[in-house]
Amino acid sequence: MNTLVSSCVIAFSTYSRLPMPQVEWSEKNMRHTLAFFPLVGAAVGAVFWGTDALCHLLETGPVLRAAALAAVPAAVTGGIHLDGYCDTVDALASHAPKEKKLTILKDSSAGAFAVIWCCMWFALYIGLLTELESGATAAACFILSRSLSALAIERLPSARPASGPGAGMGAHLKKSSRFPWWVLGLYLVIWAGAVWLWGQYIPGLAALGAAMCCYLVYKAVALGQFGGFTGDLAGWFVQVCELAMLAAIVLAERIGAVWF
């Protein structure tokens with residue numbers, strides 16, 4: 001099995017629950033793992049879009065449709081990003097020094113704030129999905145969120161060492177893999193092509209603006225509160241970014257309906 005295929009398998013094995021063959025997690029095989037991370041988002045988006053199409057075919061109500069769509073990302077990924085989101089909100093809610101926050105991130109138990117904010121996230125996400133007219137642009141956004149997450153891993157310093165005591169998965173991935181600018185450009189072209197194909201220009205631009213704002217917030221929080229990124233922070237960003245993009249799409253659809 002060549003390096004590219006091995007890197008793709010590792011990306012899907014790490015960030016999804018889709019069946020994959022076994023490969024050795026060596027630095028050689030992980031060399032391009034980050035480059036395939038947005039492709040996992042494409043798989044999530046495909047299932048999301050298919051679920052939306054099925055709900056329209058069956059003429060389900062808006063609440064059932066929203067609940068089904070909200071379950072898709074967690075079902076495909078196994079909730080790995082939600083886990084990072086919960087750990088991060090627990091750490092941020094502690095208002096503790098950086099070292100203590102990093103310790104909280106490694107704690108496998110969920111605190112009260114993790115439960116509260118996870119419920120709030122799902123309440124907002126499902127509520128927005130009940131207002132969503134077309135699931136096409138929202139489906140494409142799973143590529144965008146993971147592209148920016150991979151870019152942050154490539155560009156931001158790691159808050160943890162890549163090996164030894166206290167080593168983090170995100171730091172090891174940063175050391176072993178790369179996400180060059182041209183790969184980011186390729187995924188942006190794919191995302192933009194999907195938005196153009198579906199004719200969702202205004203919602204697409206709104207989602208892109210929301211994603212860029214979330215990236216800047218992510219960078220500020222990671223550097224200011226933790227001294228760099230971690231795998232949990234990367235999951236937190238994916239969840240926050242996807243919620244913000246969905247809100248931007250719904251708002252853009254409403255504005256478009258009124259103005260056009």
# chains A, B, ... in the order shown; residues from 1 in each chain; ligands from 1
>>> residues_around(residues="A:Pro21", least_positions_apart="4", cutoff="10 Å", atoms="only C-alpha atoms", output="count of residues only")
4
>>> residues_around(residues="A:Arg65", least_positions_apart="3", cutoff="8 Å", atoms="only C-alpha atoms", output="PDB file with all heavy atoms, in the first residue's frame")
ATOM      1  N   ASP A  52     -30.664  14.521   3.813  1.00  0.00           N
ATOM      2  CA  ASP A  52     -31.579  15.619   3.515  1.00  0.00           C
ATOM      3  C   ASP A  52     -32.482  15.265   2.332  1.00  0.00           C
ATOM      4  O   ASP A  52     -33.697  15.517   2.361  1.00  0.00           O
ATOM      5  CB  ASP A  52     -30.772  16.887   3.223  1.00  0.00           C
ATOM      6  CG  ASP A  52     -31.650  18.122   3.089  1.00  0.00           C
ATOM      7  OD1 ASP A  52     -32.560  18.292   3.921  1.00  0.00           O
ATOM      8  OD2 ASP A  52     -31.425  18.922   2.157  1.00  0.00           O
ATOM      9  N   CYS A  55     -35.084  12.804   3.451  1.00  0.00           N
ATOM     10  CA  CYS A  55     -36.141  13.447   4.245  1.00  0.00           C
ATOM     11  C   CYS A  55     -37.131  14.183   3.353  1.00  0.00           C
ATOM     12  O   CYS A  55     -38.347  14.151   3.595  1.00  0.00           O
ATOM     13  CB  CYS A  55     -35.521  14.409   5.257  1.00  0.00           C
ATOM     14  SG  CYS A  55     -34.677  13.589   6.625  1.00  0.00           S
ATOM     15  N   THR A  60     -40.777  14.256   5.472  1.00  0.00           N
ATOM     16  CA  THR A  60     -40.761  14.294   6.935  1.00  0.00           C
ATOM     17  C   THR A  60     -40.995  15.728   7.419  1.00  0.00           C
ATOM     18  O   THR A  60     -40.790  16.695   6.678  1.00  0.00           O
ATOM     19  CB  THR A  60     -39.412  13.805   7.486  1.00  0.00           C
ATOM     20  OG1 THR A  60     -38.375  14.680   7.036  1.00  0.00           O
ATOM     21  CG2 THR A  60     -39.112  12.396   7.017  1.00  0.00           C
ATOM     22  N   GLY A  61     -41.370  15.873   8.668  1.00  0.00           N
ATOM     23  CA  GLY A  61     -41.542  17.195   9.250  1.00  0.00           C
ATOM     24  C   GLY A  61     -40.199  17.857   9.507  1.00  0.00           C
ATOM     25  O   GLY A  61     -39.157  17.191   9.523  1.00  0.00           O
ATOM     26  N   PRO A  62     -40.198  19.179   9.732  1.00  0.00           N
ATOM     27  CA  PRO A  62     -38.938  19.910   9.907  1.00  0.00           C
ATOM     28  C   PRO A  62     -38.147  19.472  11.139  1.00  0.00           C
ATOM     29  O   PRO A  62     -36.913  19.475  11.106  1.00  0.00           O
ATOM     30  CB  PRO A  62     -39.391  21.370  10.024  1.00  0.00           C
ATOM     31  CG  PRO A  62     -40.823  21.306  10.425  1.00  0.00           C
ATOM     32  CD  PRO A  62     -41.369  20.069   9.791  1.00  0.00           C
ATOM     33  N   ALA A  68     -32.473  14.255  12.293  1.00  0.00           N
ATOM     34  CA  ALA A  68     -31.725  13.294  11.485  1.00  0.00           C
ATOM     35  C   ALA A  68     -30.443  13.908  10.956  1.00  0.00           C
ATOM     36  O   ALA A  68     -29.367  13.283  10.985  1.00  0.00           O
ATOM     37  CB  ALA A  68     -32.601  12.796  10.326  1.00  0.00           C
ATOM     38  N   LEU A  69     -30.527  15.151  10.474  1.00  0.00           N
ATOM     39  CA  LEU A  69     -29.337  15.825   9.946  1.00  0.00           C
ATOM     40  C   LEU A  69     -28.322  16.101  11.048  1.00  0.00           C
ATOM     41  O   LEU A  69     -27.109  15.988  10.831  1.00  0.00           O
ATOM     42  CB  LEU A  69     -29.739  17.134   9.258  1.00  0.00           C
ATOM     43  CG  LEU A  69     -30.527  17.006   7.953  1.00  0.00           C
ATOM     44  CD1 LEU A  69     -30.937  18.379   7.437  1.00  0.00           C
ATOM     45  CD2 LEU A  69     -29.716  16.263   6.901  1.00  0.00           C
ATOM     46  N   LEU A 129     -31.271  23.954  11.884  1.00  0.00           N
ATOM     47  CA  LEU A 129     -31.587  23.001  10.821  1.00  0.00           C
ATOM     48  C   LEU A 129     -33.076  22.988  10.481  1.00  0.00           C
ATOM     49  O   LEU A 129     -33.455  22.721   9.336  1.00  0.00           O
ATOM     50  CB  LEU A 129     -31.133  21.596  11.220  1.00  0.00           C
ATOM     51  CG  LEU A 129     -29.628  21.339  11.157  1.00  0.00           C
ATOM     52  CD1 LEU A 129     -29.283  19.997  11.795  1.00  0.00           C
ATOM     53  CD2 LEU A 129     -29.105  21.396   9.724  1.00  0.00           C
ATOM     54  N   THR A 130     -33.927  23.281  11.462  1.00  0.00           N
ATOM     55  CA  THR A 130     -35.366  23.359  11.166  1.00  0.00           C
ATOM     56  C   THR A 130     -35.675  24.541  10.252  1.00  0.00           C
ATOM     57  O   THR A 130     -36.701  24.548   9.571  1.00  0.00           O
ATOM     58  CB  THR A 130     -36.200  23.490  12.447  1.00  0.00           C
ATOM     59  OG1 THR A 130     -35.850  24.696  13.129  1.00  0.00           O
ATOM     60  CG2 THR A 130     -35.984  22.303  13.372  1.00  0.00           C
TER      61      THR A 130
END
>>> closest_residue(among="A:Leu54, A:Leu105, A:Ala207, A:Leu216", to="A:Ala248", atoms="only C-alpha atoms")
A:Ala207
>>> closest_atom_pairs(of="stretch 97-179 of chain A", to="stretch 83-91 of chain A", cutoff="7 Å", atoms="only C-alpha atoms", output="JSON lines")
{"residue": "A:Lys101", "atom": "CA", "partner": "A:Ala91", "partner_atom": "CA", "distance": 4.9}
{"residue": "A:Ile104", "atom": "CA", "partner": "A:Ala91", "partner_atom": "CA", "distance": 5.5}
{"residue": "A:Leu105", "atom": "CA", "partner": "A:Asp87", "partner_atom": "CA", "distance": 5.2}
{"residue": "A:Ala110", "atom": "CA", "partner": "A:Asp87", "partner_atom": "CA", "distance": 7.0}
{"residue": "A:Gly111", "atom": "CA", "partner": "A:Asp90", "partner_atom": "CA", "distance": 6.2}
{"residue": "A:Phe113", "atom": "CA", "partner": "A:Asp90", "partner_atom": "CA", "distance": 5.5}
{"residue": "A:Ala114", "atom": "CA", "partner": "A:Cys86", "partner_atom": "CA", "distance": 4.5}
{"residue": "A:Cys118", "atom": "CA", "partner": "A:Cys86", "partner_atom": "CA", "distance": 6.5}
>>> write_last_selection(atoms="N, CA and C atoms", output="CSV table (one decimal), in the first residue's frame")
chain,number,residue,atom,x,y,z
A,101,LYS,N,-5.4,24.3,32.5
A,101,LYS,CA,-6.4,24.1,31.3
A,101,LYS,C,-5.9,22.9,30.5
A,104,ILE,N,-6.9,19.8,32.2
A,104,ILE,CA,-8.4,19.5,32.1
A,104,ILE,C,-8.7,18.9,30.7
A,105,LEU,N,-8.0,19.3,29.7
A,105,LEU,CA,-8.2,18.8,28.4
A,105,LEU,C,-7.9,17.3,28.3
A,110,ALA,N,-16.4,14.1,31.7
A,110,ALA,CA,-17.1,15.3,31.3
A,110,ALA,C,-17.6,16.1,32.5
A,111,GLY,N,-17.3,17.4,32.6
A,111,GLY,CA,-17.7,18.2,33.6
A,111,GLY,C,-19.1,18.8,33.4
A,113,PHE,N,-20.0,21.9,32.8
A,113,PHE,CA,-20.0,22.9,31.7
A,113,PHE,C,-20.0,22.1,30.4
A,114,ALA,N,-19.3,21.0,30.3
A,114,ALA,CA,-19.3,20.2,29.0
A,114,ALA,C,-20.7,19.8,28.7
A,118,CYS,N,-22.7,21.3,25.5
A,118,CYS,CA,-23.0,20.3,24.5
A,118,CYS,C,-24.5,20.4,24.2
>>> atom_distance(atom1="atom CA of A:Ser7", atom2="atom CA of A:Val40")
12.0 Å
>>> closest_residue(among="A:Pro97, A:Pro19, A:Pro157, A:Gly185", to="A:Gly227", atoms="only C-alpha atoms")
A:Pro157
>>> residues_around(residues="A:Phe12", least_positions_apart="2", cutoff="12 Å", atoms="only C-alpha atoms", output="PDB file with N, CA and C atoms, in the first residue's frame")
ATOM      1  N   VAL A   5      -2.249   6.354  -0.139  1.00  0.00           N
ATOM      2  CA  VAL A   5      -3.393   5.540   0.266  1.00  0.00           C
ATOM      3  C   VAL A   5      -3.345   5.292   1.776  1.00  0.00           C
ATOM      4  N   SER A   6      -2.159   5.027   2.299  1.00  0.00           N
ATOM      5  CA  SER A   6      -2.020   4.798   3.741  1.00  0.00           C
ATOM      6  C   SER A   6      -2.408   6.036   4.531  1.00  0.00           C
ATOM      7  N   SER A   7      -1.984   7.205   4.071  1.00  0.00           N
ATOM      8  CA  SER A   7      -2.342   8.450   4.746  1.00  0.00           C
ATOM      9  C   SER A   7      -3.848   8.678   4.720  1.00  0.00           C
ATOM     10  N   CYS A   8      -4.470   8.366   3.607  1.00  0.00           N
ATOM     11  CA  CYS A   8      -5.927   8.512   3.487  1.00  0.00           C
ATOM     12  C   CYS A   8      -6.636   7.562   4.448  1.00  0.00           C
ATOM     13  N   VAL A   9      -6.162   6.326   4.525  1.00  0.00           N
ATOM     14  CA  VAL A   9      -6.762   5.339   5.433  1.00  0.00           C
ATOM     15  C   VAL A   9      -6.630   5.787   6.882  1.00  0.00           C
ATOM     16  N   ILE A  10      -5.463   6.332   7.245  1.00  0.00           N
ATOM     17  CA  ILE A  10      -5.245   6.796   8.616  1.00  0.00           C
ATOM     18  C   ILE A  10      -6.167   7.973   8.928  1.00  0.00           C
ATOM     19  N   THR A  14      -8.929   7.721  11.824  1.00  0.00           N
ATOM     20  CA  THR A  14      -8.843   8.606  12.987  1.00  0.00           C
ATOM     21  C   THR A  14     -10.094   9.447  13.153  1.00  0.00           C
ATOM     22  N   TYR A  15     -10.590  10.005  12.068  1.00  0.00           N
ATOM     23  CA  TYR A  15     -11.638  11.022  12.145  1.00  0.00           C
ATOM     24  C   TYR A  15     -13.007  10.556  11.662  1.00  0.00           C
ATOM     25  N   SER A  16     -13.167   9.252  11.453  1.00  0.00           N
ATOM     26  CA  SER A  16     -14.480   8.735  11.089  1.00  0.00           C
ATOM     27  C   SER A  16     -14.631   7.319  11.629  1.00  0.00           C
ATOM     28  N   ARG A  17     -15.846   6.812  11.534  1.00  0.00           N
ATOM     29  CA  ARG A  17     -16.115   5.424  11.911  1.00  0.00           C
ATOM     30  C   ARG A  17     -16.411   4.580  10.677  1.00  0.00           C
ATOM     31  N   LEU A  18     -16.013   5.053   9.523  1.00  0.00           N
ATOM     32  CA  LEU A  18     -16.178   4.284   8.301  1.00  0.00           C
ATOM     33  C   LEU A  18     -15.175   3.138   8.279  1.00  0.00           C
ATOM     34  N   PRO A  19     -15.563   1.952   7.844  1.00  0.00           N
ATOM     35  CA  PRO A  19     -14.650   0.800   7.839  1.00  0.00           C
ATOM     36  C   PRO A  19     -13.429   1.052   6.962  1.00  0.00           C
ATOM     37  N   MET A  20     -12.248   0.786   7.502  1.00  0.00           N
ATOM     38  CA  MET A  20     -10.997   0.992   6.791  1.00  0.00           C
ATOM     39  C   MET A  20     -10.059  -0.192   7.032  1.00  0.00           C
ATOM     40  N   PRO A  21      -9.173  -0.489   6.079  1.00  0.00           N
ATOM     41  CA  PRO A  21      -8.179  -1.548   6.315  1.00  0.00           C
ATOM     42  C   PRO A  21      -7.145  -1.103   7.354  1.00  0.00           C
ATOM     43  N   GLN A  22      -6.436  -2.039   7.910  1.00  0.00           N
ATOM     44  CA  GLN A  22      -5.413  -1.746   8.908  1.00  0.00           C
ATOM     45  C   GLN A  22      -4.112  -1.363   8.217  1.00  0.00           C
ATOM     46  N   VAL A  23      -3.498  -0.264   8.671  1.00  0.00           N
ATOM     47  CA  VAL A  23      -2.189   0.146   8.180  1.00  0.00           C
ATOM     48  C   VAL A  23      -1.329   0.541   9.376  1.00  0.00           C
ATOM     49  N   MET A  30       1.904   8.485   7.699  1.00  0.00           N
ATOM     50  CA  MET A  30       1.111   9.629   8.152  1.00  0.00           C
ATOM     51  C   MET A  30       1.490  10.930   7.454  1.00  0.00           C
ATOM     52  N   THR A  33      -1.562  12.705   5.989  1.00  0.00           N
ATOM     53  CA  THR A  33      -2.832  12.520   6.686  1.00  0.00           C
ATOM     54  C   THR A  33      -3.641  13.803   6.755  1.00  0.00           C
ATOM     55  N   LEU A  34      -2.990  14.919   7.082  1.00  0.00           N
ATOM     56  CA  LEU A  34      -3.697  16.196   7.166  1.00  0.00           C
ATOM     57  C   LEU A  34      -4.346  16.568   5.840  1.00  0.00           C
ATOM     58  N   ALA A  35      -3.677  16.236   4.743  1.00  0.00           N
ATOM     59  CA  ALA A  35      -4.203  16.591   3.424  1.00  0.00           C
ATOM     60  C   ALA A  35      -5.510  15.860   3.121  1.00  0.00           C
ATOM     61  N   PHE A  36      -5.746  14.730   3.787  1.00  0.00           N
ATOM     62  CA  PHE A  36      -6.971  13.962   3.550  1.00  0.00           C
ATOM     63  C   PHE A  36      -8.050  14.242   4.588  1.00  0.00           C
ATOM     64  N   PHE A  37      -7.728  15.046   5.604  1.00  0.00           N
ATOM     65  CA  PHE A  37      -8.716  15.366   6.636  1.00  0.00           C
ATOM     66  C   PHE A  37      -9.975  16.013   6.044  1.00  0.00           C
ATOM     67  N   PRO A  38      -9.848  17.019   5.152  1.00  0.00           N
ATOM     68  CA  PRO A  38     -11.068  17.592   4.552  1.00  0.00           C
ATOM     69  C   PRO A  38     -11.863  16.584   3.721  1.00  0.00           C
ATOM     70  N   LEU A  39     -11.188  15.550   3.232  1.00  0.00           N
ATOM     71  CA  LEU A  39     -11.906  14.527   2.471  1.00  0.00           C
ATOM     72  C   LEU A  39     -12.868  13.759   3.383  1.00  0.00           C
ATOM     73  N   VAL A  40     -12.500  13.624   4.653  1.00  0.00           N
ATOM     74  CA  VAL A  40     -13.431  13.048   5.630  1.00  0.00           C
ATOM     75  C   VAL A  40     -14.670  13.943   5.733  1.00  0.00           C
ATOM     76  N   GLY A  41     -14.447  15.264   5.694  1.00  0.00           N
ATOM     77  CA  GLY A  41     -15.558  16.205   5.699  1.00  0.00           C
ATOM     78  C   GLY A  41     -16.447  16.023   4.482  1.00  0.00           C
ATOM     79  N   ALA A  42     -15.841  15.712   3.344  1.00  0.00           N
ATOM     80  CA  ALA A  42     -16.631  15.461   2.136  1.00  0.00           C
ATOM     81  C   ALA A  42     -17.520  14.234   2.317  1.00  0.00           C
ATOM     82  N   ALA A  43     -16.999  13.226   3.007  1.00  0.00           N
ATOM     83  CA  ALA A  43     -17.802  12.026   3.272  1.00  0.00           C
ATOM     84  C   ALA A  43     -18.963  12.355   4.209  1.00  0.00           C
ATOM     85  N   VAL A  44     -18.693  13.155   5.240  1.00  0.00           N
ATOM     86  CA  VAL A  44     -19.766  13.590   6.144  1.00  0.00           C
ATOM     87  C   VAL A  44     -20.808  14.378   5.366  1.00  0.00           C
ATOM     88  N   VAL A  76     -21.114   9.668  11.692  1.00  0.00           N
ATOM     89  CA  VAL A  76     -20.033   9.364  10.743  1.00  0.00           C
ATOM     90  C   VAL A  76     -18.667   9.486  11.407  1.00  0.00           C
ATOM     91  N   THR A  77     -18.494  10.480  12.264  1.00  0.00           N
ATOM     92  CA  THR A  77     -17.182  10.721  12.887  1.00  0.00           C
ATOM     93  C   THR A  77     -17.005   9.987  14.213  1.00  0.00           C
ATOM     94  N   GLY A  78     -18.079   9.439  14.763  1.00  0.00           N
ATOM     95  CA  GLY A  78     -17.982   8.820  16.067  1.00  0.00           C
ATOM     96  C   GLY A  78     -17.948   9.823  17.210  1.00  0.00           C
ATOM     97  N   ILE A  80     -15.841  12.337  17.603  1.00  0.00           N
ATOM     98  CA  ILE A  80     -14.496  12.711  18.028  1.00  0.00           C
ATOM     99  C   ILE A  80     -14.345  14.218  18.198  1.00  0.00           C
TER     100      ILE A  80
END
>>> closest_residue(among="A:Cys214, A:Leu251, A:Ala46, A:Leu208", to="A:Val72", atoms="only C-alpha atoms")
A:Ala46
>>> closest_residue(among="A:Ile143, A:Ala159, A:Val221, A:Ala171", to="A:Met245", atoms="only C-alpha atoms")
A:Ile143
>>> closest_residue(among="A:Tyr218, A:Tyr125, A:Phe237, A:Trp117", to="A:Val63", atoms="only C-alpha atoms")
A:Tyr125
>>> select_by_dssp(residues="stretch 186-241 of chain A", states="alpha helix (DSSP H)", output="NGL selection string")
:A and (186-197 or 201-221 or 231-241)
>>> atom_distance(atom1="atom CA of A:Arg146", atom2="atom CA of A:Trp181")
14.0 Å
>>> residues_around(residues="A:His81", least_positions_apart="4", cutoff="7 Å", atoms="only C-alpha atoms", output="list of chain:residue names")
A:Tyr85, A:Gly235, A:Trp236, A:Val238, A:Gln239
>>> write_last_selection(atoms="N, CA, C and O atoms", output="PDB file, in the first residue's frame")
ATOM      1  N   TYR A  85     -14.703  19.320  21.730  1.00  0.00           N
ATOM      2  CA  TYR A  85     -15.507  20.496  22.080  1.00  0.00           C
ATOM      3  C   TYR A  85     -15.841  20.491  23.566  1.00  0.00           C
ATOM      4  O   TYR A  85     -15.685  21.512  24.257  1.00  0.00           O
ATOM      5  N   GLY A 235     -10.996  19.922  17.627  1.00  0.00           N
ATOM      6  CA  GLY A 235     -12.384  19.457  17.619  1.00  0.00           C
ATOM      7  C   GLY A 235     -13.355  20.558  18.008  1.00  0.00           C
ATOM      8  O   GLY A 235     -14.431  20.692  17.417  1.00  0.00           O
ATOM      9  N   TRP A 236     -12.985  21.352  19.000  1.00  0.00           N
ATOM     10  CA  TRP A 236     -13.804  22.501  19.417  1.00  0.00           C
ATOM     11  C   TRP A 236     -14.017  23.455  18.251  1.00  0.00           C
ATOM     12  O   TRP A 236     -15.137  23.924  18.004  1.00  0.00           O
ATOM     13  N   VAL A 238     -13.887  22.791  14.992  1.00  0.00           N
ATOM     14  CA  VAL A 238     -14.755  22.196  13.974  1.00  0.00           C
ATOM     15  C   VAL A 238     -16.222  22.364  14.355  1.00  0.00           C
ATOM     16  O   VAL A 238     -17.064  22.756  13.534  1.00  0.00           O
ATOM     17  N   GLN A 239     -16.547  22.093  15.628  1.00  0.00           N
ATOM     18  CA  GLN A 239     -17.941  22.201  16.063  1.00  0.00           C
ATOM     19  C   GLN A 239     -18.445  23.645  16.035  1.00  0.00           C
ATOM     20  O   GLN A 239     -19.551  23.917  15.558  1.00  0.00           O
TER      21      GLN A 239
END
>>> decode(residues="stretch 27-49 of chain A", atoms="N, CA, C and O atoms", output="mmCIF file, in the first residue's frame")
data_model
loop_
_atom_site.group_PDB
_atom_site.id
_atom_site.type_symbol
_atom_site.label_atom_id
_atom_site.label_comp_id
_atom_site.auth_asym_id
_atom_site.auth_seq_id
_atom_site.Cartn_x
_atom_site.Cartn_y
_atom_site.Cartn_z
ATOM 1 N N GLU A 27 5.517 7.342 10.653
ATOM 2 C CA GLU A 27 5.643 8.717 10.153
ATOM 3 C C GLU A 27 5.547 8.757 8.635
ATOM 4 O O GLU A 27 4.989 9.699 8.067
ATOM 5 N N LYS A 28 6.067 7.737 7.968
ATOM 6 C CA LYS A 28 5.982 7.690 6.508
ATOM 7 C C LYS A 28 4.531 7.594 6.054
ATOM 8 O O LYS A 28 4.098 8.311 5.143
ATOM 9 N N ASN A 29 3.754 6.722 6.690
ATOM 10 C CA ASN A 29 2.362 6.543 6.290
ATOM 11 C C ASN A 29 1.481 7.714 6.678
ATOM 12 O O ASN A 29 0.415 7.920 6.087
ATOM 13 N N MET A 30 1.904 8.485 7.699
ATOM 14 C CA MET A 30 1.111 9.629 8.152
ATOM 15 C C MET A 30 1.490 10.930 7.454
ATOM 16 O O MET A 30 0.941 11.975 7.769
ATOM 17 N N ARG A 31 2.406 10.866 6.513
ATOM 18 C CA ARG A 31 2.958 12.073 5.895
ATOM 19 C C ARG A 31 1.894 12.977 5.291
ATOM 20 O O ARG A 31 2.014 14.202 5.335
ATOM 21 N N HIS A 32 0.854 12.409 4.724
ATOM 22 C CA HIS A 32 -0.176 13.209 4.044
ATOM 23 C C HIS A 32 -1.540 13.125 4.733
ATOM 24 O O HIS A 32 -2.559 13.459 4.119
ATOM 25 N N THR A 33 -1.562 12.705 5.989
ATOM 26 C CA THR A 33 -2.832 12.520 6.686
ATOM 27 C C THR A 33 -3.641 13.803 6.755
ATOM 28 O O THR A 33 -4.854 13.811 6.521
ATOM 29 N N LEU A 34 -2.990 14.919 7.082
ATOM 30 C CA LEU A 34 -3.697 16.196 7.166
ATOM 31 C C LEU A 34 -4.346 16.568 5.840
ATOM 32 O O LEU A 34 -5.428 17.155 5.813
ATOM 33 N N ALA A 35 -3.677 16.236 4.743
ATOM 34 C CA ALA A 35 -4.203 16.591 3.424
ATOM 35 C C ALA A 35 -5.510 15.860 3.121
ATOM 36 O O ALA A 35 -6.305 16.329 2.304
ATOM 37 N N PHE A 36 -5.746 14.730 3.787
ATOM 38 C CA PHE A 36 -6.971 13.962 3.550
ATOM 39 C C PHE A 36 -8.050 14.242 4.588
ATOM 40 O O PHE A 36 -9.167 13.733 4.470
ATOM 41 N N PHE A 37 -7.728 15.046 5.604
ATOM 42 C CA PHE A 37 -8.716 15.366 6.636
ATOM 43 C C PHE A 37 -9.975 16.013 6.044
ATOM 44 O O PHE A 37 -11.104 15.612 6.379
ATOM 45 N N PRO A 38 -9.848 17.019 5.152
ATOM 46 C CA PRO A 38 -11.068 17.592 4.552
ATOM 47 C C PRO A 38 -11.863 16.584 3.721
ATOM 48 O O PRO A 38 -13.069 16.751 3.537
ATOM 49 N N LEU A 39 -11.188 15.550 3.232
ATOM 50 C CA LEU A 39 -11.906 14.527 2.471
ATOM 51 C C LEU A 39 -12.868 13.759 3.383
ATOM 52 O O LEU A 39 -13.927 13.308 2.933
ATOM 53 N N VAL A 40 -12.500 13.624 4.653
ATOM 54 C CA VAL A 40 -13.431 13.048 5.630
ATOM 55 C C VAL A 40 -14.670 13.943 5.733
ATOM 56 O O VAL A 40 -15.799 13.458 5.819
ATOM 57 N N GLY A 41 -14.447 15.264 5.694
ATOM 58 C CA GLY A 41 -15.558 16.205 5.699
ATOM 59 C C GLY A 41 -16.447 16.023 4.482
ATOM 60 O O GLY A 41 -17.679 16.161 4.571
ATOM 61 N N ALA A 42 -15.841 15.712 3.344
ATOM 62 C CA ALA A 42 -16.631 15.461 2.136
ATOM 63 C C ALA A 42 -17.520 14.234 2.317
ATOM 64 O O ALA A 42 -18.673 14.209 1.857
ATOM 65 N N ALA A 43 -16.999 13.226 3.007
ATOM 66 C CA ALA A 43 -17.802 12.026 3.272
ATOM 67 C C ALA A 43 -18.963 12.355 4.209
ATOM 68 O O ALA A 43 -20.095 11.902 3.992
ATOM 69 N N VAL A 44 -18.693 13.155 5.240
ATOM 70 C CA VAL A 44 -19.766 13.590 6.144
ATOM 71 C C VAL A 44 -20.808 14.378 5.366
ATOM 72 O O VAL A 44 -22.023 14.172 5.523
ATOM 73 N N GLY A 45 -20.336 15.286 4.509
ATOM 74 C CA GLY A 45 -21.247 16.100 3.712
ATOM 75 C C GLY A 45 -22.095 15.270 2.768
ATOM 76 O O GLY A 45 -23.281 15.562 2.555
ATOM 77 N N ALA A 46 -21.516 14.217 2.197
ATOM 78 C CA ALA A 46 -22.271 13.357 1.278
ATOM 79 C C ALA A 46 -23.404 12.645 2.014
ATOM 80 O O ALA A 46 -24.542 12.556 1.506
ATOM 81 N N VAL A 47 -23.118 12.142 3.215
ATOM 82 C CA VAL A 47 -24.163 11.477 4.007
ATOM 83 C C VAL A 47 -25.209 12.499 4.447
ATOM 84 O O VAL A 47 -26.416 12.218 4.451
ATOM 85 N N PHE A 48 -24.756 13.691 4.816
ATOM 86 C CA PHE A 48 -25.658 14.779 5.214
ATOM 87 C C PHE A 48 -26.604 15.130 4.068
ATOM 88 O O PHE A 48 -27.821 15.234 4.256
ATOM 89 N N TRP A 49 -26.041 15.312 2.878
ATOM 90 C CA TRP A 49 -26.850 15.663 1.704
ATOM 91 C C TRP A 49 -27.815 14.527 1.349
ATOM 92 O O TRP A 49 -28.981 14.757 1.016
#
